[in-house]
Structure formats: structure tokens, C-alpha cells
Amino acid sequence: MSVTPRPDLQLSHAVVTADVTAPLDFVDIEQWLKTLPTHEYQRCAPGDHKAAGYTVDDDGTPMSINVEMIGTGLVIQQYRFEVASRHYCKMVSISDVFSAAGWTTTQVIWELGIEQLDGDNLRYINTVTSHPTEEFLEFITSSGQTFEDAAAARQKASGQHCELETPHYAQSIANFAKARAADAVAAGNSG
């Protein structure tokens with residue numbers, strides 16, 4: 001079986017936004033991802049998020065490892081940082097998925113962005129797109145499921161998951177920015 005992604009087929013796509021207040025100059029999504037503690041990750045989707053960590057791939061590419069429930073599937077995300085900046089990150093994972101029918105894989109593209117509305121009023125944009133792999137297509141065929149049924153189930157589960165996590169991610173990123181701003185003020189006052 002091949003874990004080759006099929007970008008011509010889409011399992012799910014969700015774009016969810018949340019507005020927060022934080023100083024844009026201190027927002028750093030890349031650093032937030034690289035330092036996100038497991039318990040904070042869990043607070044971002046209570047009941048769904050299980051664990052988070054940071055590592056690098058064999059070639060040195062930074063990676064965020066996330067373990068979560070999406071619908072009835074346990075998903076182990078191995079996100080490679082394809083674009084990493086303070087206000088936008090694009091993460092791509094060939095994710096392992098465990099369901100009642102066994103293990104398979106999907107490709108997940110997670111985009112995290114922040115835009116300034118005015119002053120300290122910001123909008124966080126959480127975009128998650130999932131594509132099947134060749135392995136996934138063989139997996140659903142062998143279990144008697146159509147691609148259309150699998151995509152409908154994934155769209156529903158992923159959409160609900162994104163609705164849950166997005167406002168929490170937004171607030172966590174805002175809190176991270178506020179803490180960095182407070183540290184900068186304290187450092188400026190100390191000397």
C-alpha cells in the first residue's frame with residue numbers, strides 16, 4: 001500500500017475564524033507551535049486533543065506532532081513546517097488514523113493565520129484540508145465504503161472538530177503574544 005497523497009480528491013475542508021485581542025507585533029504562530037505544551041493543546045479541544053510535541057524530521061525539517069480524536073478516529077499528525085512565520089504557518093502531515101476497521105493514512109494540510117482587523121483586534125484563521133492517500137482508498141474499498149461516504153463522514157467530523165478548536169487556538173495564540181509583550185516591557189523596565 002502507498003501513502004502517496006491524492007490531492008485531486010478531497011476528504012474534507014474547513015475554514016473557521018475567531019476574533020481576539022492581542023498586540024500583532026508580538027504574535028508568533030511559529031514559536032507558539034514549537035513551544036505548545038501538551039496541556040495547553042488539550043485545553044484547545046477538550047476531549048479531542050490528547051498530546052502535542054515538537055521534533056524534527058530526518059532531514060532537519062521542524063515538525064509538530066499532535067495526537068487527537070477526530071470523530072471516531074484516533075489521528076496521529078506528523079506535521080512538517082512547509083511555511084513557518086510569525087503570522088502564517090502551513091503544516092503538512094501524512095497522518096496515521098486508527099478506527100474500528102484498523103489503521104490507514106491521510107494527508108492533512110493545516111494552515112494557521114492571523115490578520116489585523118484594526119489596532120489590537122485580530123482575526124485567527126484556522127484552515128484544515130484533508131486528502132486521501134492511495135492506502136486510504138484501498139482501505140475504504142476493502143471495508144466496503146465508498147469514497148463519497150468516507151468524505152461525508154470526514155467532512156462532518158473535521159468540521160465539528162475545527163469549530164471546537166479554533167476559538168481556543170485563537171485565545172492561546174493571543175495569550176502567548178500578550179505574555180511576550182509583557183516580557184518585553186519587563187525587560188525594558190529592568191535596565
# chains A, B, ... in the order shown; residues from 1 in each chain; ligands from 1
$ residues_around --residues "range 96-110 of chain A" --least-positions-apart "3" --cutoff "9 Å" --atoms "only C-alpha atoms" --output "PyMOL selection string"
chain A and resi 3-7+11+72-79+89-93+126-136+139+143
$ residues_around --residues "Gln31 in chain A" --least-positions-apart "2" --cutoff "12 Å" --atoms "only C-alpha atoms" --output "PyMOL selection string"
chain A and resi 26-29+33-37+54+62+64+81+84-89+173+176-177+180
$ select_by_dssp --residues "range 70-125 of chain A" --states "strand (DSSP E or B)" --output "NGL selection string"
:A and (70 or 73-84 or 88-99 or 102-118 or 121-125)
$ write_last_selection --atoms "C-alpha atoms" --output "mmCIF file, in the first residue's frame"
data_model
loop_
_atom_site.group_PDB
_atom_site.id
_atom_site.type_symbol
_atom_site.label_atom_id
_atom_site.label_comp_id
_atom_site.auth_asym_id
_atom_site.auth_seq_id
_atom_site.Cartn_x
_atom_site.Cartn_y
_atom_site.Cartn_z
ATOM 1 C CA ILE A 70 -11.472 13.450 15.044
ATOM 2 C CA GLY A 73 -10.751 8.113 14.568
ATOM 3 C CA LEU A 74 -7.566 8.469 16.601
ATOM 4 C CA VAL A 75 -5.306 10.624 14.425
ATOM 5 C CA ILE A 76 -1.552 10.966 14.838
ATOM 6 C CA GLN A 77 -0.481 14.075 12.951
ATOM 7 C CA GLN A 78 3.158 14.439 11.921
ATOM 8 C CA TYR A 79 3.084 17.993 10.615
ATOM 9 C CA ARG A 80 6.090 19.257 8.667
ATOM 10 C CA PHE A 81 6.512 23.037 8.663
ATOM 11 C CA GLU A 82 6.205 23.918 4.944
ATOM 12 C CA VAL A 83 5.800 27.639 5.632
ATOM 13 C CA ALA A 84 6.746 28.992 9.046
ATOM 14 C CA TYR A 88 1.214 32.295 8.993
ATOM 15 C CA CYS A 89 2.209 28.643 9.127
ATOM 16 C CA LYS A 90 1.390 25.907 6.646
ATOM 17 C CA MET A 91 1.768 22.437 8.087
ATOM 18 C CA VAL A 92 1.520 19.220 6.037
ATOM 19 C CA SER A 93 1.186 15.740 7.527
ATOM 20 C CA ILE A 94 0.833 12.204 6.330
ATOM 21 C CA SER A 95 -1.283 11.248 9.320
ATOM 22 C CA ASP A 96 -1.871 7.815 10.794
ATOM 23 C CA VAL A 97 -5.555 7.173 11.516
ATOM 24 C CA PHE A 98 -6.881 4.377 13.728
ATOM 25 C CA SER A 99 -10.556 3.443 13.525
ATOM 26 C CA GLY A 102 -7.885 -0.654 11.636
ATOM 27 C CA TRP A 103 -5.043 1.672 10.605
ATOM 28 C CA THR A 104 -4.791 3.832 7.494
ATOM 29 C CA THR A 105 -3.322 7.188 6.437
ATOM 30 C CA THR A 106 -4.494 10.546 5.132
ATOM 31 C CA GLN A 107 -2.775 13.759 4.155
ATOM 32 C CA VAL A 108 -3.746 16.741 6.282
ATOM 33 C CA ILE A 109 -2.848 20.346 5.477
ATOM 34 C CA TRP A 110 -3.227 22.703 8.441
ATOM 35 C CA GLU A 111 -2.941 26.429 7.859
ATOM 36 C CA LEU A 112 -2.813 28.853 10.780
ATOM 37 C CA GLY A 113 -3.018 32.551 10.025
ATOM 38 C CA ILE A 114 -3.609 35.827 11.818
ATOM 39 C CA GLU A 115 -4.677 39.113 10.299
ATOM 40 C CA GLN A 116 -5.073 42.537 11.814
ATOM 41 C CA LEU A 117 -8.585 43.970 11.751
ATOM 42 C CA ASP A 118 -7.626 47.240 13.444
ATOM 43 C CA ASN A 121 -8.193 43.453 17.122
ATOM 44 C CA LEU A 122 -7.072 40.341 15.252
ATOM 45 C CA ARG A 123 -8.704 37.504 13.351
ATOM 46 C CA TYR A 124 -7.303 33.978 13.564
ATOM 47 C CA ILE A 125 -7.994 31.781 10.518
#
$ closest_atom_pairs --of "range 101-177 of chain A" --to "range 39-46 of chain A" --cutoff "10 Å" --atoms "only C-alpha atoms" --output "Markdown table"
| residue | atom | partner | partner_atom | distance |
| --- | --- | --- | --- | --- |
| A:His161 | CA | A:Ala45 | CA | 7.7 |
| A:Cys162 | CA | A:Ala45 | CA | 8.8 |
| A:Glu163 | CA | A:Ala45 | CA | 9.4 |
| A:Leu164 | CA | A:Ala45 | CA | 5.9 |
| A:Glu165 | CA | A:Ala45 | CA | 4.8 |
| A:Thr166 | CA | A:Cys44 | CA | 7.7 |
| A:Pro167 | CA | A:Cys44 | CA | 8.0 |
| A:His168 | CA | A:Cys44 | CA | 4.6 |
| A:Tyr169 | CA | A:Cys44 | CA | 5.7 |
| A:Ala170 | CA | A:Cys44 | CA | 9.0 |
| A:Gln171 | CA | A:Cys44 | CA | 8.8 |
| A:Ser172 | CA | A:Cys44 | CA | 7.7 |
$ atom_distance --atom1 "CA of Met63 in chain A" --atom2 "CA of Glu30 in chain A"
10.8 Å
$ residues_around --residues "Arg154 in chain A" --least-positions-apart "4" --cutoff "7 Å" --atoms "only C-alpha atoms" --output "PyMOL selection string"
chain A and resi 11-12+150+158
$ closest_residue --among "A:Thr146, A:Leu24, A:His49, A:Met69" --to "Asn175 in chain A" --atoms "only C-alpha atoms"
A:Leu24
$ select_by_dssp --residues "range 45-162 of chain A" --states "alpha helix (DSSP H)" --output "PyMOL selection string"
chain A and resi 134-142+147-162
$ closest_residue --among "A:Ala22, A:Leu137, A:Ile65, A:Ala51" --to "Ala179 in chain A" --atoms "only C-alpha atoms"
A:Ala22
